[in-house]
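Text of entry_24.cif, listed as mmCIF, C-alpha atoms:
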```
data_final
#
loop_
_atom_site.label_atom_id
_atom_site.label_comp_id
_atom_site.auth_asym_id
_atom_site.auth_seq_id
_atom_site.Cartn_x
_atom_site.Cartn_y
_atom_site.Cartn_z
CA PRO A 85 -40.52 -50.07 39.23
CA ALA A 86 -42.24 -47.81 36.74
CA ASP A 87 -43.64 -45.46 39.38
CA GLU A 88 -40.14 -44.94 40.80
CA ILE A 89 -38.67 -44.18 37.35
CA ARG A 90 -41.12 -41.32 37.02
CA ARG A 91 -39.89 -39.66 40.19
CA PRO A 92 -37.32 -36.84 39.62
CA HIS A 93 -35.21 -37.92 42.58
CA THR A 94 -34.46 -41.29 40.97
CA LEU A 95 -32.25 -39.56 38.33
CA LEU A 96 -29.10 -39.68 40.42
CA ARG A 97 -25.82 -37.96 39.65
CA ILE A 98 -23.70 -40.32 37.57
CA ALA A 99 -20.13 -39.13 38.26
CA PRO A 100 -20.20 -39.53 42.07
CA LEU A 101 -21.88 -42.90 41.65
CA GLU A 102 -19.12 -44.03 39.31
CA ARG A 103 -16.53 -43.17 41.90
CA GLU A 104 -18.54 -44.78 44.67
CA ALA A 105 -18.94 -47.92 42.60
CA ARG A 106 -15.23 -47.98 41.85
CA VAL A 107 -14.32 -47.58 45.51
CA ALA A 108 -16.82 -50.30 46.40
CA LEU A 109 -15.07 -52.66 43.97
CA ILE A 110 -11.69 -51.85 45.51
CA ARG A 111 -13.08 -52.43 49.00
CA GLN A 112 -14.04 -55.96 48.01
CA GLU A 113 -10.30 -56.68 47.80
CA LEU A 114 -8.84 -54.13 50.18
CA ASN A 115 -11.04 -52.68 52.90
CA ASP A 116 -8.71 -50.30 54.73
CA ASP A 117 -7.11 -46.86 54.48
CA ARG A 118 -5.13 -47.84 51.35
CA VAL A 119 -8.26 -47.70 49.18
CA ALA A 120 -7.93 -43.98 48.39
CA ALA A 121 -4.30 -44.35 47.28
CA VAL A 122 -5.20 -47.21 44.95
CA ASP A 123 -8.12 -45.27 43.50
CA GLN A 124 -6.09 -42.11 42.90
CA SER A 125 -3.11 -43.88 41.34
CA THR A 126 -5.18 -45.87 38.84
CA GLY A 127 -6.83 -42.94 37.08
CA GLY A 128 -10.44 -43.98 37.56
CA TYR A 129 -10.36 -47.27 35.63
CA PRO A 130 -12.28 -49.84 37.72
CA TRP A 131 -10.69 -53.08 36.51
CA PHE A 132 -7.23 -51.48 36.70
CA ALA A 133 -7.96 -50.39 40.26
CA VAL A 134 -9.17 -53.87 41.25
CA LEU A 135 -6.08 -55.50 39.74
CA VAL A 136 -3.80 -53.19 41.71
CA ALA A 137 -5.88 -53.64 44.88
CA CYS A 138 -5.42 -57.40 44.66
CA GLU A 139 -1.66 -56.95 44.49
CA VAL A 140 -1.64 -54.61 47.49
CA ARG A 141 -3.80 -57.07 49.40
CA ASP A 142 -1.27 -59.82 48.63
CA GLY A 143 1.66 -57.88 50.03
CA ALA A 144 2.76 -55.34 47.40
CA ALA A 145 3.58 -51.81 48.51
CA THR A 146 0.76 -49.27 48.26
CA PRO A 147 1.14 -47.32 44.99
CA ARG A 148 1.77 -43.60 45.38
CA THR A 149 1.95 -42.68 41.70
CA PRO A 150 0.44 -43.95 38.43
CA THR A 151 3.84 -45.44 37.61
CA ASP A 152 3.77 -47.49 40.83
CA ALA A 153 0.28 -48.73 39.91
CA ALA A 154 1.41 -49.59 36.37
CA ARG A 155 4.24 -51.71 37.73
CA LEU A 156 1.75 -53.73 39.76
CA ALA A 157 -0.51 -54.08 36.73
CA LEU A 158 2.29 -55.30 34.45
CA ALA A 159 3.37 -58.12 36.76
CA SER A 160 2.06 -59.62 39.94
CA HIS A 161 3.89 -59.25 43.22
CA HIS A 162 4.90 -62.91 43.05
CA GLU A 163 6.06 -62.69 39.42
CA HIS A 164 8.27 -59.76 40.32
CA GLU A 165 9.82 -61.70 43.20
CA THR A 166 10.84 -64.56 40.88
CA ASP A 167 11.81 -62.37 37.90
CA ARG A 168 13.10 -58.90 38.77
CA ASP A 169 13.22 -57.94 35.08
CA CYS A 170 9.65 -59.00 34.32
CA VAL A 171 8.13 -55.52 34.59
CA ARG A 172 10.75 -53.91 32.35
CA ARG A 173 10.49 -56.63 29.68
CA ARG A 174 6.70 -56.38 29.57
CA ALA A 175 6.91 -52.61 29.31
CA ARG A 176 9.33 -53.00 26.40
CA ALA A 177 7.06 -55.54 24.69
CA LEU A 178 4.09 -53.17 24.98
CA LEU A 179 6.24 -50.45 23.41
CA ALA A 180 6.67 -52.77 20.43
CA VAL A 181 2.89 -52.89 20.06
CA MET A 182 2.76 -49.08 20.22
CA LEU A 183 5.47 -48.93 17.56
CA ALA A 184 3.73 -51.38 15.25
CA GLU A 185 0.44 -49.49 15.01
CA SER A 186 -0.83 -52.41 13.00
CA PRO A 187 -4.51 -53.38 12.64
CA SER A 188 -3.47 -56.80 13.89
CA TRP A 189 -0.27 -58.09 15.39
CA THR A 190 -0.73 -61.27 13.37
CA ASP A 191 -0.46 -59.22 10.14
CA LEU A 192 3.21 -58.58 10.87
CA SER A 193 5.88 -60.77 9.32
CA ASP A 194 8.46 -62.57 11.43
CA GLY A 195 11.07 -60.13 10.11
CA GLU A 196 9.02 -57.13 11.22
CA LYS A 197 8.52 -58.62 14.67
CA HIS A 198 12.25 -59.30 14.94
CA ARG A 199 13.07 -55.66 14.11
CA LEU A 200 10.52 -54.49 16.66
CA ALA A 201 12.09 -56.77 19.28
CA GLU A 202 15.54 -55.32 18.55
CA ALA A 203 14.16 -51.77 18.69
CA VAL A 204 12.84 -52.28 22.24
CA ASP A 205 15.92 -54.24 23.38
CA LEU A 206 14.41 -57.72 23.54
CA ARG A 207 16.40 -60.69 22.29
CA ASP A 208 14.31 -61.72 19.28
CA ARG A 209 10.80 -62.32 17.94
CA LYS A 210 10.31 -65.42 20.08
CA GLU A 211 11.05 -63.57 23.30
CA LEU A 212 8.78 -60.73 22.21
CA ASP A 213 5.88 -63.09 21.52
CA GLU A 214 6.45 -64.86 24.83
CA VAL A 215 6.45 -61.62 26.82
CA LEU A 216 3.34 -60.37 25.02
CA ARG A 217 1.49 -63.55 26.00
CA GLY A 218 2.18 -62.63 29.63
CA CYS A 219 0.76 -59.13 28.98
CA ILE A 220 -2.39 -60.65 27.48
CA GLN A 221 -2.81 -62.99 30.43
CA ARG A 222 -2.32 -60.06 32.77
CA GLY A 223 -5.09 -58.14 31.00
CA VAL A 224 -3.05 -55.07 30.02
CA LEU A 225 -3.01 -56.02 26.33
CA ARG A 226 -6.13 -56.87 24.36
CA ALA A 227 -5.42 -59.21 21.42
CA MET A 228 -8.40 -58.46 19.24
CA ARG A 229 -8.45 -57.45 15.56
CA ARG A 230 -6.45 -54.42 16.62
CA TRP A 231 -4.10 -55.08 19.51
CA TYR A 232 -4.18 -52.31 22.06
CA ILE A 233 -2.95 -51.48 25.57
CA THR A 234 -5.56 -50.99 28.24
CA PRO A 235 -6.23 -48.74 30.00
CA GLY A 236 -5.01 -45.97 27.71
CA ILE A 237 -3.09 -44.18 30.48
CA LEU A 238 -0.88 -47.24 30.73
CA GLU A 239 0.92 -46.18 27.52
CA ARG A 240 2.45 -43.19 29.28
CA GLU A 241 3.51 -45.28 32.28
CA VAL A 242 4.90 -48.03 30.03
CA TRP A 243 7.22 -45.46 28.43
CA ARG A 244 8.28 -44.15 31.83
CA ILE A 245 9.05 -47.63 33.12
CA ALA A 246 10.86 -48.68 29.94
CA THR A 247 13.16 -45.65 30.05
CA GLN A 248 13.96 -45.62 33.77
CA GLY A 249 17.46 -46.44 34.92
CA THR A 250 20.55 -47.33 32.92
CA ASP A 251 19.84 -49.60 29.99
CA PRO A 252 22.63 -51.95 28.85
CA GLY A 253 21.15 -51.86 25.34
CA GLY A 254 21.40 -48.09 25.12
CA PRO A 255 18.70 -45.39 25.03
CA LEU A 256 15.47 -46.40 23.34
CA LEU A 257 14.88 -43.66 20.77
CA PRO A 258 18.24 -44.13 18.99
CA ARG A 259 17.58 -47.90 18.97
CA ILE A 260 14.18 -47.35 17.41
CA ARG A 261 15.76 -45.03 14.83
CA ARG A 262 18.25 -47.73 13.87
CA HIS A 263 15.95 -50.73 13.75
CA CYS A 264 12.53 -49.27 12.82
CA PRO A 265 13.16 -45.90 11.15
CA ASP A 266 9.98 -46.20 9.08
CA ARG A 267 7.89 -46.30 12.28
CA LEU A 268 9.64 -43.46 14.08
CA ASP A 269 7.52 -40.59 12.75
CA GLY A 270 4.24 -42.02 14.03
CA PHE A 271 5.79 -43.12 17.30
CA LEU A 272 7.27 -39.69 18.07
CA GLN A 273 3.89 -38.08 17.44
CA ARG A 274 2.29 -40.63 19.74
CA LEU A 275 4.94 -40.05 22.39
CA GLN A 276 4.28 -36.30 22.42
CA GLY A 277 0.58 -36.98 22.95
CA LEU A 278 1.03 -39.09 26.10
CA GLY A 279 1.08 -36.15 28.50
CA LEU A 280 4.73 -36.43 29.51
CA ASP A 281 6.11 -33.31 31.15
CA PRO A 282 8.62 -31.16 29.19
CA THR A 283 11.52 -32.20 31.42
CA ALA A 284 10.90 -35.88 30.69
CA LEU A 285 10.61 -35.24 26.95
CA ALA A 286 13.86 -33.26 27.00
CA ARG A 287 15.61 -36.10 28.83
CA ASP A 288 14.31 -38.69 26.36
CA ALA A 289 15.08 -36.52 23.32
CA ALA A 290 18.70 -35.87 24.33
CA PRO A 291 20.16 -39.25 23.21
CA LEU A 292 18.25 -39.05 19.93
CA ALA A 293 19.54 -35.51 19.32
CA GLN A 294 23.11 -36.60 20.03
CA ASP A 295 22.72 -39.60 17.73
CA LEU A 296 21.25 -37.47 14.93
CA ALA A 297 23.83 -34.70 15.35
CA ALA A 298 26.67 -37.21 15.06
CA SER A 299 25.28 -38.41 11.72
CA LEU A 300 24.74 -34.93 10.22
CA ARG A 301 27.80 -34.75 8.00
CA THR A 302 25.87 -34.03 4.79
CA LEU A 303 22.26 -33.42 3.79
CA ASP A 304 21.99 -37.09 2.82
CA ALA A 305 21.74 -37.91 6.53
CA LEU A 306 18.33 -36.23 6.55
CA ALA A 307 17.11 -38.18 3.52
CA VAL A 308 16.97 -41.52 5.35
CA SER A 309 13.73 -42.79 6.80
CA GLY A 310 12.85 -41.29 10.17
CA ALA A 311 15.48 -38.53 10.03
CA ALA A 312 13.08 -35.66 9.32
CA ALA A 313 10.79 -36.74 12.16
CA SER A 314 13.78 -37.02 14.49
CA LEU A 315 14.95 -33.54 13.51
CA THR A 316 11.56 -31.96 14.23
CA PHE A 317 11.26 -33.78 17.58
CA CYS A 318 14.81 -32.83 18.67
CA ALA A 319 14.39 -29.20 17.62
CA ARG A 320 11.36 -29.00 19.86
CA HIS A 321 12.65 -30.91 22.88
CA ALA A 322 16.47 -30.83 22.72
CA PRO A 323 17.24 -27.60 20.83
CA ASP A 324 20.72 -26.98 22.25
CA LEU A 325 21.90 -30.44 21.21
CA ILE A 326 20.87 -30.19 17.55
CA VAL A 327 21.18 -26.55 16.51
CA CYS A 328 24.93 -26.43 15.87
CA ALA A 329 24.99 -29.66 13.86
CA LEU A 330 22.09 -28.46 11.72
CA ALA A 331 23.55 -25.00 11.14
CA ASP A 332 26.97 -26.48 10.34
CA VAL A 333 25.66 -28.91 7.74
CA ILE A 334 23.86 -26.04 6.01
CA ASP A 335 27.09 -23.98 6.11
CA ARG A 336 28.98 -26.85 4.47
CA THR A 337 26.40 -27.38 1.73
CA SER A 338 26.64 -25.40 -1.50
CA LEU A 339 23.81 -23.16 -2.67
CA ASP A 340 23.39 -25.32 -5.77
CA GLU A 341 22.88 -28.46 -3.70
CA LEU A 342 20.49 -26.70 -1.33
CA SER A 343 18.50 -25.58 -4.37
CA ARG A 344 18.34 -29.16 -5.68
CA ARG A 345 17.28 -30.71 -2.35
CA ALA A 346 13.85 -29.12 -2.10
CA GLU A 347 12.43 -32.25 -0.42
CA LEU A 348 14.76 -31.70 2.55
CA ARG A 349 14.43 -27.95 2.91
CA ARG A 350 10.91 -27.97 4.32
CA PRO A 351 11.64 -30.18 7.40
CA ILE A 352 14.85 -28.21 7.93
CA VAL A 353 12.96 -24.91 7.82
CA TYR A 354 10.32 -26.18 10.25
CA ALA A 355 13.05 -27.29 12.64
CA LEU A 356 14.79 -23.92 12.40
CA ALA A 357 11.50 -22.11 13.01
CA SER A 358 11.13 -24.09 16.24
CA LEU A 359 14.73 -23.39 17.24
CA ALA A 360 14.25 -19.66 16.57
CA ARG A 361 12.01 -19.38 19.63
CA HIS A 362 15.08 -19.66 21.85
CA SER A 363 16.83 -16.29 22.05
CA HIS A 364 20.31 -17.74 22.66
CA LEU A 365 20.06 -19.69 19.38
CA PHE A 366 19.20 -16.67 17.24
CA ALA A 367 22.62 -16.32 15.53
CA PRO A 368 23.02 -19.86 14.12
CA VAL A 369 19.32 -20.07 13.22
CA GLU A 370 19.39 -16.73 11.37
CA ARG A 371 22.55 -17.73 9.52
CA ALA A 372 21.04 -21.04 8.40
CA LEU A 373 17.69 -19.56 7.39
CA PHE A 374 19.36 -16.81 5.38
CA LYS A 375 21.40 -19.28 3.35
CA LEU A 376 18.31 -21.39 2.73
CA ARG A 377 16.44 -18.23 1.73
CA VAL A 378 19.09 -17.37 -0.88
CA SER A 379 19.09 -20.93 -2.24
CA GLU A 380 15.37 -21.66 -2.42
CA ASN A 381 13.45 -21.68 -5.67
CA GLU A 382 9.85 -22.26 -4.58
CA ALA A 383 7.13 -19.85 -3.58
CA PHE A 384 5.02 -21.72 -1.00
CA ALA A 385 4.15 -19.73 2.11
CA ASN A 386 6.10 -21.59 4.79
CA ASN A 387 9.49 -21.30 3.13
CA ALA A 388 12.84 -20.06 4.43
CA SER A 389 12.21 -16.52 3.13
CA ALA A 390 8.99 -16.24 5.11
CA PHE A 391 10.54 -17.55 8.32
CA TRP A 392 13.72 -15.49 7.93
CA THR A 393 11.64 -12.33 7.50
CA TRP A 394 9.57 -13.33 10.52
CA LEU A 395 12.76 -13.15 12.63
CA PHE A 396 12.97 -9.39 12.05
CA LEU A 397 9.35 -8.23 12.22
CA PRO A 398 9.22 -5.32 14.72
CA TRP A 399 5.63 -5.99 15.81
CA ILE A 400 6.19 -9.71 16.48
CA ASN A 401 9.00 -11.04 18.62
CA ALA A 402 8.77 -14.75 19.25
CA THR A 403 12.57 -14.96 19.29
CA GLY A 404 13.06 -13.08 22.58
CA VAL A 405 15.79 -10.96 20.95
CA ALA A 406 15.47 -7.16 21.15
CA PHE A 407 14.47 -5.47 17.89
CA GLU A 408 17.56 -3.25 17.96
CA VAL A 409 19.77 -6.34 17.97
CA ARG A 410 17.79 -7.97 15.17
CA LEU A 411 17.87 -4.75 13.12
CA ALA A 412 21.66 -4.60 13.47
CA VAL A 413 21.90 -8.13 12.06
CA LEU A 414 19.67 -7.16 9.16
CA ASP A 415 21.75 -4.03 8.54
CA ALA A 416 24.91 -6.15 8.41
CA ARG A 417 23.24 -8.46 5.89
CA CYS A 418 22.60 -5.46 3.64
CA ARG A 419 26.27 -4.38 3.75
CA THR A 420 28.24 -7.63 3.60
CA GLY A 421 28.26 -10.85 1.62
CA THR A 422 27.85 -11.51 -2.07
CA THR A 423 25.90 -9.19 -4.33
CA ALA A 424 22.99 -11.63 -4.42
CA GLU A 425 22.96 -11.84 -0.62
CA ARG A 426 23.04 -8.06 -0.18
CA ILE A 427 20.24 -7.53 -2.71
CA SER A 428 18.17 -10.22 -1.00
CA ALA A 429 18.65 -8.56 2.40
CA VAL A 430 17.81 -5.08 1.08
CA GLU A 431 14.59 -6.38 -0.50
CA TRP A 432 13.50 -7.85 2.80
CA LEU A 433 14.64 -4.80 4.76
CA ALA A 434 12.19 -2.73 2.73
CA GLU A 435 9.50 -5.31 3.43
CA VAL A 436 10.17 -5.32 7.16
CA LEU A 437 10.33 -1.52 7.56
CA ARG A 438 7.44 -0.57 5.26
CA PRO A 439 4.72 -0.61 7.99
CA LEU A 440 6.83 1.41 10.44
CA GLY A 441 6.04 4.79 8.85
CA SER A 442 2.30 4.33 9.18
CA VAL A 443 2.66 2.87 12.66
CA ALA A 444 4.75 5.87 13.77
CA PHE A 445 2.32 8.33 12.20
CA VAL A 446 -0.80 7.02 13.92
CA GLY A 447 -1.42 9.00 17.10
CA ASP A 448 1.42 11.45 16.41
CA ASP A 449 0.04 14.84 17.50
CA SER A 450 2.91 16.72 15.84
CA ALA A 451 1.98 15.43 12.38
CA PRO A 452 0.44 17.99 10.00
CA ARG A 453 -3.36 17.98 9.81
CA GLY A 454 -3.75 19.28 6.27
CA ALA A 455 -5.60 17.76 3.36
CA PRO A 456 -4.93 14.11 2.56
CA ASP A 457 -2.75 15.03 -0.43
CA ALA A 458 -0.81 17.74 1.40
#
```

Whole structure, structure tokens version:
Amino acid sequence: PADEIRRPHTLLRIAPLEREARVALIRQELNDDRVAAVDQSTGGYPWFAVLVACEVRDGAATPRTPTDAARLALASHHEHETDRDCVRRRARALLAVMLAESPSWTDLSDGEKHRLAEAVDLRDRKELDEVLRGCIQRGVLRAMRRWYITPGILEREVWRIATQGTDPGGPLLPRIRRHCPDRLDGFLQRLQGLGLDPTALARDAAPLAQDLAASLRTLDALAVSGAAASLTFCARHAPDLIVCALADVIDRTSLDELSRRAELRRPIVYALASLARHSHLFAPVERALFKLRVSENEAFANNASAFWTWLFLPWINATGVAFEVRLAVLDARCRTGTTAERISAVEWLAEVLRPLGSVAFVGDDSAPRGAPDA
């Protein structure tokens, strides 16, 4: 009524009401002490919570984690009893939708769908379409103009489920790199935005790093689709598995070829800059950056010269290596190598040390206090 709307106390707090309404919906299906567990494991999405509550009511185990709840959302308790692989296959099919990033699944050709099916370890396009129909019927996939997974938190759990256990088809990321390299860049960015913990990302990146490292015989391996994105991802999440292969391929490549392959130097430099943040990788990273610095012929800011100099700045130490150790490396660069290499190192030594005189002078009580030109 209008007179009630005018009362201040009718403007109730929305957030607690939302939770109360959600719990009330769950209680319509499951009115016991399991309600709280269902609510907490479903992330606050009402229809998701009700779907899981129905499964628990029908005999499924109470979910303790979001992954448990996602399993119940992907397939009913009865479906899982008749097809033990149903949950995994639906998770893989939803990964194909995440990979596609298409405005509409129907815009994809049969060939594209077949490659997506192979990338997620499903038999073929027909199996993929069949499994996706089950996801639509289950309500976890909305087949509108843009197909999308709902709720959004399910994407993270789908990846966790799809990568759990030993897979006869091999790890997923190398499969995706082989079958859908053109989609890998966007997918890796999406994967890093799902909120996975660093340990999980490191575990998932390891097979991709090993696969990429095995292929790094020449720079041409980084020219194929998806390779640069893989390199950046592995440098960030599996640094120990990629650093030696990357440094070695740079060692084997001539300065002339490095100069010609400007399109590859930038992703390599970005990967090395990420690797440089690990103190135990300082030596191979410095060696690779220095060779790239000598070979480069462009002047943009984020080049090898800039990052190599950054390794030795005394007032910044993101490498974790003591300045005395870094200075000794720089000193050795000035004394050994080709003439061009020694000149290059001396130029940057002057650049690195120039601010030290003024920094040492400030606050030095023993310094003379005469006229400015004294």

> If we count only C-alpha atoms, what is near Lys210 of chain A at a cut-off of 12 Å, once residues fewer than 6 positions away on the same chain are taken out, given as a PyMOL selection string?
Replying inline: chain A and resi 177+194-195+197-202+216-217

Serialized selection, C-alpha atoms, as a PDB file, keeping the file's coordinate frame:
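Ended up saving to out_0.pdb:
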```pdb
ATOM      1  CA  ALA A 177       7.060 -55.540  24.690  1.00  0.00           C
ATOM      2  CA  ASP A 194       8.460 -62.570  11.430  1.00  0.00           C
ATOM      3  CA  GLY A 195      11.070 -60.130  10.110  1.00  0.00           C
ATOM      4  CA  LYS A 197       8.520 -58.620  14.670  1.00  0.00           C
ATOM      5  CA  HIS A 198      12.250 -59.300  14.940  1.00  0.00           C
ATOM      6  CA  ARG A 199      13.070 -55.660  14.110  1.00  0.00           C
ATOM      7  CA  LEU A 200      10.520 -54.490  16.660  1.00  0.00           C
ATOM      8  CA  ALA A 201      12.090 -56.770  19.280  1.00  0.00           C
ATOM      9  CA  GLU A 202      15.540 -55.320  18.550  1.00  0.00           C
ATOM     10  CA  LEU A 216       3.340 -60.370  25.020  1.00  0.00           C
ATOM     11  CA  ARG A 217       1.490 -63.550  26.000  1.00  0.00           C
TER      12      ARG A 217
END
```

>> Need the shell around Ala322 of chain A: protein/DNA/RNA residues with any atom at most 7 Å away, counting only C-alpha atoms. Skip same-chain ones fewer than 2 positions apart. Format as a ChimeraX atom specification?
In response: /A:286,289-290,293,318-320,324-326

>> My list of candidates is A:Leu306, A:Gly143, A:Thr247, A:Met228. Which is closest to Glu165 of chain A when distances are computed with all atoms listed in the file?
In response: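 Between A:Leu306, A:Gly143, A:Thr247, A:Met228, the residue approaching Glu165 of chain A most closely is A:Gly143.
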
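If you apply the PyMOL selection byres ((chain A and resi 154-164) around 8) to this structure, you end up with A:Thr126, A:Phe132, A:Leu135, A:Val136, A:Glu139, A:Asp142, A:Gly143, A:Ala144, A:Pro150, A:Thr151, A:Asp152, A:Ala153, A:Glu165, A:Thr166, A:Asp167, A:Arg168, A:Asp169, A:Cys170, A:Val171, A:Arg174, A:Ala175, A:Cys219, A:Arg222, A:Val224, A:Leu238, A:Glu241, A:Val242, A:Ile245.
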
Could you write out that same residue set with C-alpha atoms as a PDB file, in the coordinates of the input?
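Below is the file that was written, again-v4.pdb:
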```
ATOM      1  CA  THR A 126      -5.180 -45.870  38.840  1.00  0.00           C
ATOM      2  CA  PHE A 132      -7.230 -51.480  36.700  1.00  0.00           C
ATOM      3  CA  LEU A 135      -6.080 -55.500  39.740  1.00  0.00           C
ATOM      4  CA  VAL A 136      -3.800 -53.190  41.710  1.00  0.00           C
ATOM      5  CA  GLU A 139      -1.660 -56.950  44.490  1.00  0.00           C
ATOM      6  CA  ASP A 142      -1.270 -59.820  48.630  1.00  0.00           C
ATOM      7  CA  GLY A 143       1.660 -57.880  50.030  1.00  0.00           C
ATOM      8  CA  ALA A 144       2.760 -55.340  47.400  1.00  0.00           C
ATOM      9  CA  PRO A 150       0.440 -43.950  38.430  1.00  0.00           C
ATOM     10  CA  THR A 151       3.840 -45.440  37.610  1.00  0.00           C
ATOM     11  CA  ASP A 152       3.770 -47.490  40.830  1.00  0.00           C
ATOM     12  CA  ALA A 153       0.280 -48.730  39.910  1.00  0.00           C
ATOM     13  CA  GLU A 165       9.820 -61.700  43.200  1.00  0.00           C
ATOM     14  CA  THR A 166      10.840 -64.560  40.880  1.00  0.00           C
ATOM     15  CA  ASP A 167      11.810 -62.370  37.900  1.00  0.00           C
ATOM     16  CA  ARG A 168      13.100 -58.900  38.770  1.00  0.00           C
ATOM     17  CA  ASP A 169      13.220 -57.940  35.080  1.00  0.00           C
ATOM     18  CA  CYS A 170       9.650 -59.000  34.320  1.00  0.00           C
ATOM     19  CA  VAL A 171       8.130 -55.520  34.590  1.00  0.00           C
ATOM     20  CA  ARG A 174       6.700 -56.380  29.570  1.00  0.00           C
ATOM     21  CA  ALA A 175       6.910 -52.610  29.310  1.00  0.00           C
ATOM     22  CA  CYS A 219       0.760 -59.130  28.980  1.00  0.00           C
ATOM     23  CA  ARG A 222      -2.320 -60.060  32.770  1.00  0.00           C
ATOM     24  CA  VAL A 224      -3.050 -55.070  30.020  1.00  0.00           C
ATOM     25  CA  LEU A 238      -0.880 -47.240  30.730  1.00  0.00           C
ATOM     26  CA  GLU A 241       3.510 -45.280  32.280  1.00  0.00           C
ATOM     27  CA  VAL A 242       4.900 -48.030  30.030  1.00  0.00           C
ATOM     28  CA  ILE A 245       9.050 -47.630  33.120  1.00  0.00           C
TER      29      ILE A 245
END
```

Which residues of segment 340-391 of chain A sit at most 12 Å from segment 412-431 of chain A, using all atoms listed in the file? Give each one's shortest atom pair and distance in Å (one decimal place), in chain and ascending residue order, as CSV.
```
residue,atom,partner,partner_atom,distance
A:Phe366,CA,A:Val413,CA,10.3
A:Ala367,CA,A:Val413,CA,8.9
A:Pro368,CA,A:Val413,CA,12.0
A:Glu370,CA,A:Val413,CA,9.0
A:Arg371,CA,A:Val413,CA,10.0
A:Phe374,CA,A:Glu425,CA,8.6
A:Lys375,CA,A:Glu425,CA,8.6
A:Leu376,CA,A:Glu425,CA,11.1
A:Arg377,CA,A:Ser428,CA,8.6
A:Val378,CA,A:Glu425,CA,6.8
A:Ser379,CA,A:Glu425,CA,10.0
A:Glu380,CA,A:Ser428,CA,11.9
A:Ser389,CA,A:Ser428,CA,9.6
```

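The spacing separating atom CA of Val181 of chain A from atom CA of Pro258 of chain A amounts to 17.7 Å.
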
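For the pair atom CA of Thr337 of chain A and atom CA of Leu257 of chain A, the separation is 27.6 Å.
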
> Where does the PyMOL selection byres ((chain A and resi 204) around 7) land in this file, that is, which residues does it pick, as JSON, numbers by chain?
Replying inline: {"A": [176, 179, 180, 200, 201, 202, 203, 205, 206, 256]}

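Between Gln294 of chain A and the residues A:Gly270, A:Pro147, A:Pro323, A:Gly310, the shortest atom-to-atom distance, using all atoms listed in the file, involves A:Pro323.
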
> So which residues fall inside 10 Å of (-15.2, -54.7, 42.7) if we count only C-alpha atoms? Mind giving them as a list in words?
Replying inline: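 The residues near that point, listed by chain and number, are Ala105, Arg106, Val107, Ala108, Leu109, Ile110, Arg111, Gln112, Glu113, Leu114, Pro130, Trp131, Ala133, Val134, Leu135 and Ala137 of chain A.
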
> atom CA of Val353 of chain A and atom CA of Ala388 of chain A, how far apart in Å?
Replying inline: 5.9 Å

> So which residues get picked by the PyMOL selection byres ((chain A and resi 363) around 9) here, written as number ranges by chain?
Replying inline: A: 359-362, 364-367, 402-405

Coordinates of box centre and edge lengths for segment 385-398 of chain A, 8 Å on every side, axis-aligned, as AutoDock Vina command-line options:
```
--center_x 8.9 --center_y -13.5 --center_z 8.4 --size_x 25.6 --size_y 32.3 --size_z 28.6
```

>> Set the distance at 8 Å and use only C-alpha atoms: which residues neighbour segment 311-314 of chain A once local chain neighbours fewer than 5 positions away are removed? I'd like the list as a list in words.
In response: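 Near neighbours after the sequence-gap exclusion: Pro265, Leu268, Asp269, Leu272, Leu292, Ala293, Leu296, Ala305, Leu306, Pro351 and Ile352 of chain A.
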
>> From the options A:Arg336, A:Arg229, A:Arg262, A:Arg240, which residue's atoms come nearest to Leu275 of chain A, counting all atoms listed in the file?
In response: A:Arg240

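Among the candidates A:Leu300, A:Asp266, A:Val140, A:Ala357, the one nearest to Trp394 of chain A when counting all atoms listed in the file is A:Ala357.
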
> Which is closest to Ala298 of chain A among A:Glu408, A:Tyr354, A:Phe391, A:Asp332, if we use all atoms listed in the file?
Replying inline: A:Asp332

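Considering the residues A:Asn401, A:Ser299, A:Thr393, A:Gln273 and counting all atoms listed in the file, Leu183 of chain A has its shortest atom-to-atom contact with A:Gln273.
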